[in-house]
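run-v6.cif follows; it contains mmCIF, C-alpha atoms.
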data_structure
#
loop_
_atom_site.label_atom_id
_atom_site.label_comp_id
_atom_site.auth_asym_id
_atom_site.auth_seq_id
_atom_site.Cartn_x
_atom_site.Cartn_y
_atom_site.Cartn_z
CA MET A 14 -34.12 83.17 115.65
CA TYR A 15 -36.54 83.66 112.76
CA PRO A 16 -35.60 86.04 109.94
CA THR A 17 -38.08 88.91 109.89
CA SER A 18 -39.81 87.61 106.80
CA ALA A 19 -40.38 84.21 108.41
CA LEU A 20 -41.70 85.34 111.78
CA PRO A 21 -44.66 83.21 112.80
CA LEU A 22 -47.89 85.16 112.40
CA HIS A 23 -49.80 85.64 115.63
CA VAL A 24 -52.79 87.14 113.84
CA GLU A 25 -54.28 84.24 111.93
CA PRO A 26 -56.05 84.87 108.61
CA ALA A 27 -59.23 83.75 110.38
CA LYS A 28 -59.16 87.01 112.35
CA THR A 29 -59.58 88.99 109.16
CA SER A 30 -62.20 86.62 107.84
CA PHE A 31 -63.86 83.41 108.96
CA ASN A 32 -63.42 79.73 108.38
CA LEU A 33 -66.09 77.73 106.57
CA SER A 34 -64.19 74.47 106.23
CA THR A 35 -66.44 72.54 108.61
CA ALA A 36 -69.72 73.51 106.95
CA THR A 37 -69.96 70.62 104.52
CA LYS A 38 -73.66 71.05 103.74
CA LEU A 39 -73.52 74.72 102.89
CA GLU A 40 -75.62 75.53 99.82
CA HIS A 41 -75.81 79.31 99.69
CA LEU A 42 -73.35 81.94 100.81
CA VAL A 43 -74.19 85.64 101.03
CA PHE A 44 -71.53 88.28 101.65
CA ARG A 45 -72.77 91.83 102.23
CA CYS A 46 -70.08 94.43 101.66
CA THR A 47 -70.51 97.85 103.20
CA ARG A 48 -66.93 98.81 102.31
CA SER A 49 -65.06 98.42 99.07
CA ASN A 50 -62.56 95.96 100.49
CA VAL A 51 -63.51 92.38 99.66
CA GLN A 52 -60.44 90.58 101.02
CA TRP A 53 -62.56 89.04 103.77
CA VAL A 54 -64.86 87.53 101.12
CA THR A 55 -62.00 85.98 99.16
CA ARG A 56 -60.43 84.62 102.34
CA ALA A 57 -63.69 83.06 103.47
CA LEU A 58 -64.21 81.51 100.03
CA GLN A 59 -60.74 79.94 100.23
CA THR A 60 -62.03 77.80 103.13
CA VAL A 61 -65.31 76.72 101.52
CA GLN A 62 -66.32 73.09 101.12
CA TYR A 63 -67.78 73.21 97.64
CA LYS A 64 -69.56 69.82 97.52
CA SER A 65 -73.01 71.12 98.40
CA LEU A 66 -72.48 74.76 97.51
CA GLN A 67 -74.81 75.99 94.79
CA ARG A 68 -74.61 79.76 94.83
CA ILE A 69 -72.44 82.61 96.03
CA THR A 70 -73.98 86.05 96.43
CA VAL A 71 -72.02 89.25 96.95
CA ARG A 72 -74.19 92.22 97.89
CA VAL A 73 -72.80 95.71 97.53
CA ASP A 74 -74.60 98.69 98.99
CA THR A 75 -74.76 102.18 97.55
CA TYR A 76 -72.07 103.61 99.81
CA THR A 77 -69.52 100.87 99.21
CA PHE A 78 -67.60 102.83 96.59
CA LEU A 79 -68.16 106.28 98.03
CA GLY A 80 -64.40 106.69 98.50
CA GLY A 81 -63.69 105.64 94.92
CA VAL A 82 -61.68 102.64 93.80
CA THR A 83 -58.01 102.70 94.70
CA LYS A 84 -55.34 100.42 93.26
CA PRO A 85 -55.30 98.05 96.30
CA ILE A 86 -59.10 97.84 96.21
CA ARG A 87 -59.02 96.96 92.51
CA HIS A 88 -56.36 94.33 93.25
CA HIS A 89 -58.55 92.72 95.95
CA TRP A 90 -61.54 92.64 93.61
CA HIS A 91 -59.41 90.97 90.94
CA ASP A 92 -58.52 88.25 93.47
CA LEU A 93 -62.23 87.73 94.03
CA ASP A 94 -62.76 87.84 90.27
CA ARG A 95 -60.35 84.94 89.76
CA MET A 96 -61.88 82.97 92.60
CA LEU A 97 -65.44 83.32 91.27
CA VAL A 98 -64.27 82.12 87.85
CA GLN A 99 -62.59 79.12 89.47
CA PHE A 100 -65.77 78.22 91.37
CA TRP A 101 -67.64 78.21 88.10
CA THR A 102 -65.08 76.43 85.90
CA LEU A 103 -64.05 73.80 88.46
CA HIS A 104 -67.25 73.23 90.41
CA SER A 105 -70.08 74.79 88.32
CA ILE A 106 -70.97 77.06 91.23
CA ARG A 107 -72.62 80.21 89.98
CA SER A 108 -72.18 83.64 91.53
CA GLU A 109 -74.29 86.75 91.61
CA VAL A 110 -73.32 90.28 92.48
CA MET A 111 -76.24 92.34 93.72
CA TYR A 112 -75.99 96.08 93.98
CA GLU A 113 -78.31 98.57 95.52
CA ALA A 114 -80.57 100.52 93.18
CA ARG A 115 -78.91 103.68 91.93
CA THR A 116 -79.16 106.68 94.22
CA GLY A 117 -76.92 109.06 92.33
CA ASN A 118 -73.54 107.70 93.36
CA LYS A 119 -71.32 105.71 91.07
CA ASP A 120 -72.18 102.12 91.84
CA MET A 121 -71.38 98.52 91.04
CA ARG A 122 -72.97 98.79 87.61
CA ASP A 123 -70.27 101.32 86.73
CA TYR A 124 -67.43 99.46 88.39
CA ALA A 125 -68.27 95.85 87.50
CA PRO A 126 -66.41 95.77 84.14
CA THR A 127 -63.18 96.90 85.81
CA LEU A 128 -63.53 95.11 89.15
CA LEU A 129 -64.87 91.79 87.88
CA PRO A 130 -63.70 91.73 84.25
CA GLU A 131 -63.45 87.97 83.77
CA PRO A 132 -66.78 86.74 85.11
CA THR A 133 -68.78 89.66 83.73
CA THR A 134 -67.46 89.22 80.18
CA ARG A 135 -67.85 85.44 80.34
CA GLY A 136 -71.30 85.66 81.88
CA VAL A 137 -70.24 83.68 84.91
CA VAL A 138 -71.58 86.28 87.31
CA ASP A 139 -75.16 87.49 87.33
CA LEU A 140 -75.41 91.20 88.01
CA ALA A 141 -78.68 92.22 89.61
CA GLU A 142 -80.13 95.27 91.28
CA TYR A 143 -81.89 95.23 94.63
CA ASN A 144 -83.88 97.83 96.50
CA ARG A 145 -83.03 98.68 100.07
CA PRO A 146 -85.92 97.49 102.24
CA LEU A 147 -87.90 100.24 103.93
CA VAL A 148 -87.21 100.53 107.64
CA VAL A 149 -90.42 101.22 109.53
CA MET B 14 -84.93 80.44 126.10
CA CYS B 15 -84.61 76.91 127.39
CA SER B 16 -88.22 77.09 128.57
CA PHE B 17 -89.28 76.86 124.94
CA PRO B 18 -88.36 73.37 123.77
CA PHE B 19 -89.91 73.89 120.33
CA LEU B 20 -88.08 77.15 119.64
CA GLU B 21 -86.60 76.99 116.16
CA ASP B 22 -85.39 80.51 115.38
CA PHE B 23 -83.28 82.77 117.55
CA ALA B 24 -82.53 86.43 116.85
CA LEU B 25 -80.64 88.94 118.94
CA LEU B 26 -80.02 92.61 118.22
CA SER B 27 -77.81 94.32 120.73
CA LEU B 28 -76.93 98.00 120.83
CA GLY B 29 -75.16 98.26 124.14
CA TYR B 30 -72.39 96.83 126.25
CA GLY B 31 -72.34 93.23 127.27
CA ASP B 32 -71.49 91.88 130.70
CA GLU B 33 -69.85 88.55 131.16
CA VAL B 34 -72.55 85.89 131.02
CA ASP B 35 -72.81 83.58 134.01
CA ARG B 36 -71.74 80.24 132.61
CA SER B 37 -71.73 78.39 135.92
CA THR B 38 -75.06 76.67 135.21
CA THR B 39 -75.63 74.73 132.04
CA PRO B 40 -79.28 73.99 131.30
CA SER B 41 -80.26 70.34 131.14
CA THR B 42 -82.53 70.81 128.14
CA SER B 43 -82.32 72.97 125.08
CA PRO B 44 -84.66 74.12 122.33
CA ARG B 45 -84.65 72.58 118.87
CA LEU B 46 -82.95 75.55 117.22
CA THR B 47 -83.35 74.14 113.74
CA GLY B 48 -84.31 77.37 111.96
CA THR B 49 -82.50 80.69 111.64
CA LEU B 50 -79.88 82.21 113.92
CA ASP B 51 -79.74 85.98 113.49
CA LEU B 52 -77.11 87.85 115.49
CA SER B 53 -76.56 91.55 115.11
CA SER B 54 -74.63 93.85 117.35
CA ARG B 55 -73.76 97.47 116.65
CA GLY B 56 -72.41 98.69 120.00
CA ARG B 57 -68.78 99.41 120.81
CA ALA B 58 -68.56 96.00 122.38
CA ALA B 59 -70.14 94.36 119.35
CA GLY B 60 -67.59 91.59 118.91
CA ILE B 61 -67.57 90.76 122.59
CA GLU B 62 -71.34 90.48 122.76
CA ILE B 63 -71.75 88.27 119.70
CA GLY B 64 -68.93 86.12 121.01
CA LEU B 65 -70.58 85.74 124.42
CA VAL B 66 -73.93 84.84 122.91
CA THR B 67 -72.36 82.39 120.48
CA ARG B 68 -70.38 80.65 123.21
CA ARG B 69 -73.45 80.49 125.45
CA LEU B 70 -75.45 78.92 122.62
CA LEU B 71 -72.68 76.43 121.99
CA ASP B 72 -72.95 75.35 125.64
CA LEU B 73 -76.52 74.14 125.14
CA PRO B 74 -76.73 70.37 125.57
CA GLY B 75 -78.59 69.85 122.30
CA GLY B 76 -75.98 71.81 120.38
CA LEU B 77 -76.84 74.07 117.47
CA ASN B 78 -78.88 72.76 114.56
CA PHE B 79 -79.58 75.95 112.66
CA THR B 80 -79.94 75.64 108.91
CA LYS B 81 -79.54 79.37 108.30
CA VAL B 82 -77.20 81.80 110.03
CA ARG B 83 -77.24 85.57 109.56
CA LEU B 84 -74.49 87.58 111.20
CA SER B 85 -73.66 91.26 111.32
CA CYS B 86 -69.92 91.46 111.87
CA MET B 87 -67.61 94.24 112.87
CA GLY B 88 -64.31 92.60 112.26
CA GLY B 89 -61.88 90.33 114.09
CA ARG B 90 -63.78 89.11 117.12
CA ASP B 91 -67.00 88.76 115.18
CA PHE B 92 -65.21 86.69 112.56
CA GLU B 93 -64.12 84.36 115.36
CA SER B 94 -67.72 84.14 116.55
CA ALA B 95 -68.89 83.56 112.99
CA THR B 96 -66.46 80.69 112.71
CA ASP B 97 -67.63 79.33 116.08
CA SER B 98 -71.28 79.43 115.02
CA VAL B 99 -70.45 77.79 111.69
CA VAL B 100 -68.56 75.04 113.49
CA GLY B 101 -71.48 74.63 115.92
CA CYS B 102 -73.95 74.17 113.08
CA SER B 103 -71.62 72.42 110.67
CA ASN B 104 -73.86 69.36 110.30
CA THR B 105 -76.99 71.33 109.48
CA LEU B 106 -75.96 74.73 108.09
CA LYS B 107 -77.19 75.31 104.54
CA SER B 108 -77.19 79.08 104.26
CA LEU B 109 -74.80 81.67 105.67
CA ASP B 110 -75.42 85.39 105.28
CA VAL B 111 -72.77 87.76 106.60
CA VAL B 112 -72.62 91.54 106.56
CA ASN B 113 -69.29 93.10 107.44
CA TYR B 114 -69.24 96.63 108.86
CA LEU B 115 -65.50 96.53 109.44
CA ILE B 116 -63.96 99.85 108.45
CA SER B 117 -60.36 98.71 108.35
CA GLU B 118 -59.16 95.42 106.93
CA PHE B 119 -56.51 95.03 109.58
CA PRO B 120 -57.83 94.67 113.11
CA SER B 121 -54.75 96.19 114.71
CA VAL B 122 -56.77 97.85 117.47
CA HIS B 123 -58.22 94.54 118.51
CA VAL B 124 -55.06 92.45 118.42
CA PRO B 125 -53.91 92.97 122.05
CA ASP B 126 -57.47 92.40 123.23
CA GLN B 127 -57.69 89.25 121.17
CA CYS B 128 -54.47 87.93 122.67
CA LEU B 129 -55.73 88.68 126.17
CA THR B 130 -59.10 87.10 125.45
CA SER B 131 -57.47 84.02 123.95
CA SER B 132 -55.12 83.68 126.91
CA ARG B 133 -57.95 84.08 129.37
CA ARG B 134 -60.05 81.54 127.51
CA ALA B 135 -57.13 79.12 127.39
CA SER B 136 -56.48 79.49 131.13
CA GLN B 137 -60.19 78.94 131.83
CA ASP B 138 -60.07 75.78 129.75
CA LEU B 139 -57.14 74.49 131.80
CA VAL B 140 -58.94 74.93 135.13
#

Any chance you could put this one into structure tokens?
Amino acid sequence: MYPTSALPLHVEPAKTSFNLSTATKLEHLVFRCTRSNVQWVTRALQTVQYKSLQRITVRVDTYTFLGGVTKPIRHHWHDLDRMLVQFWTLHSIRSEVMYEARTGNKDMRDYAPTLLPEPTTRGVVDLAEYNRPLVV
Amino acid sequence: MCSFPFLEDFALLSLGYGDEVDRSTTPSTSPRLTGTLDLSSRGRAAGIEIGLVTRRLLDLPGGLNFTKVRLSCMGGRDFESATDSVVGCSNTLKSLDVVNYLISEFPSVHVPDQCLTSSRRASQDLV
């Protein structure tokens, strides 16, 4: 019998994210977050083959932080924060965080210093604004 | 689709339910598929549909040679399909663009379905 803490997991991490380990020629990765939880991004990045990778983009839309930033959410962003710094320091892979142009809600521009403190202060992450494309 | 041998890009937007695709016949030829694969599904059966399309594409004799993949995901099953499509294009894929509409991090609702789907797929593979 397994002790409870050592029970084999039947839900693999891949079910809460995806596996990029076979994509050896990957140059650009874009993650679009519609919710504030970025665990799936960090998990996917853990599987990346970095040899060809040149850029990581995380796009955050205007409603992502509508529910505010809770402690677990901040914790998950700090995991991503550490990972983006590692990609830069170990592999010179640059990251950019793009956030939707301000529409009145508190957005990534307000949260970036607390959610991504390391890369924003060290200039490892480029922060840029984007405009939502018009849907015709 | 297989009637267009020079087809490079493939995009599918689905808003409804998907039926099981007839996989009894595998085409003898397949398009180039060297451009962009764009899969987006917003219906209740989103994960199922993207999974079906991905598996059907993976059956093509020429395999997948997309250099860019864009996927709209809604959690667990879609992540599996995303992984499948990445594996299918692993020799050519240069750009991956994923949007995740998953509301909850933990796909508890989908777990029993995933187990059933996996079991069914495994039993099909054994036949």

Kindly assemble as CSV a list of the chain A residues that lie within 10 Å of chain B, each paired with its nearest atom pair and their distance in Å to one decimal, using all atoms listed in the file, sorted first by chain and then by ascending residue number.
residue,atom,partner,partner_atom,distance
A:His23,CA,B:Cys128,CA,8.8
A:Val24,CA,B:Val124,CA,7.4
A:Glu25,CA,B:Gly89,CA,10.0
A:Pro26,CA,B:Gly89,CA,9.7
A:Ala27,CA,B:Glu93,CA,7.0
A:Lys28,CA,B:Gly89,CA,4.6
A:Thr29,CA,B:Gly89,CA,5.6
A:Ser30,CA,B:Phe92,CA,5.6
A:Phe31,CA,B:Phe92,CA,5.1
A:Asn32,CA,B:Thr96,CA,5.4
A:Leu33,CA,B:Val99,CA,6.7
A:Ser34,CA,B:Val100,CA,8.5
A:Thr35,CA,B:Ser103,CA,5.6
A:Ala36,CA,B:Ser103,CA,4.3
A:Thr37,CA,B:Ser103,CA,6.6
A:Lys38,CA,B:Lys107,CA,5.6
A:Leu39,CA,B:Lys107,CA,4.1
A:Glu40,CA,B:Lys107,CA,5.0
A:His41,CA,B:Ser108,CA,4.8
A:Leu42,CA,B:Leu109,CA,5.1
A:Val43,CA,B:Asp110,CA,4.4
A:Phe44,CA,B:Val111,CA,5.1
A:Arg45,CA,B:Val112,CA,4.3
A:Cys46,CA,B:Asn113,CA,6.0
A:Thr47,CA,B:Tyr114,CA,5.9
A:Arg48,CA,B:Ile116,CA,6.9
A:Ser49,CA,B:Ile116,CA,9.6
A:Asn50,CA,B:Glu118,CA,7.3
A:Val51,CA,B:Glu118,CA,9.0
A:Gln52,CA,B:Glu118,CA,7.7
A:Trp53,CA,B:Glu118,CA,7.9
A:Val54,CA,B:Asn113,CA,9.5
A:Ala57,CA,B:Phe92,CA,9.9
A:Ser65,CA,B:Lys107,CA,8.5
A:Leu66,CA,B:Lys107,CA,8.5
A:Arg68,CA,B:Ser108,CA,9.8
A:Ile69,CA,B:Leu109,CA,10.0
A:Thr70,CA,B:Asp110,CA,9.0
A:Val71,CA,B:Asp110,CA,9.8
A:Arg72,CA,B:Val112,CA,8.8
A:Val73,CA,B:Val112,CA,9.9

Expected answer as a PyMOL selection string: all residues with atoms within 7 Å of (-83.1, 96.8, 93.9), only C-alpha atoms: chain A and resi 113-114+142-145

Selection dump of the PyMOL selection byres ((chain A and resi 131) around 12), as a list in words: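 Checked against the file, the PyMOL selection byres ((chain A and resi 131) around 12) matches Trp90, His91, Asp92, Leu93, Asp94, Arg95, Met96, Leu97, Val98, Gln99, Trp101, Thr102, Ala125, Pro126, Thr127, Leu128, Leu129, Pro130, Pro132, Thr133, Thr134, Arg135, Gly136, Val137 and Val138 of chain A.
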
Selected residue, from B:Ser41, B:Leu84, B:Phe79, B:Ser98, that lies nearest to Thr67 of chain B when counting all atoms listed in the file: B:Ser98

Distance of atom CA of Leu52 of chain B from atom CA of Asp22 of chain B, expressed in Å to one decimal place: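 Taking atom CA of Asp22 of chain B and atom CA of Leu52 of chain B, their separation equals 11.1 Å.
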
Nearest residue to Arg107 of chain A from the set A:Thr55, A:Leu140, A:Asp74, A:Leu79 (distances using only C-alpha atoms): A:Leu140

Nearest candidate to Lys64 of chain A (options A:Ala141, A:Ile86, A:Met121, A:Leu103; using all atoms listed in the file):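 Of all the options, A:Leu103 lies closest to Lys64 of chain A.
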
Residues within 10 Å of (-81.8, 73.8, 123.7), file coords, only C-alpha atoms, listed as a ChimeraX atom specification: /B:14-21,40-46,70-78

Atom pair atom CA of Ser53 of chain B / atom CA of Ala24 of chain B: separation (Å):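 Distance between the two atoms: 8.1 Å.
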
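For the pair atom CA of Phe23 of chain B and atom CA of Val66 of chain B, the separation is 11.0 Å.
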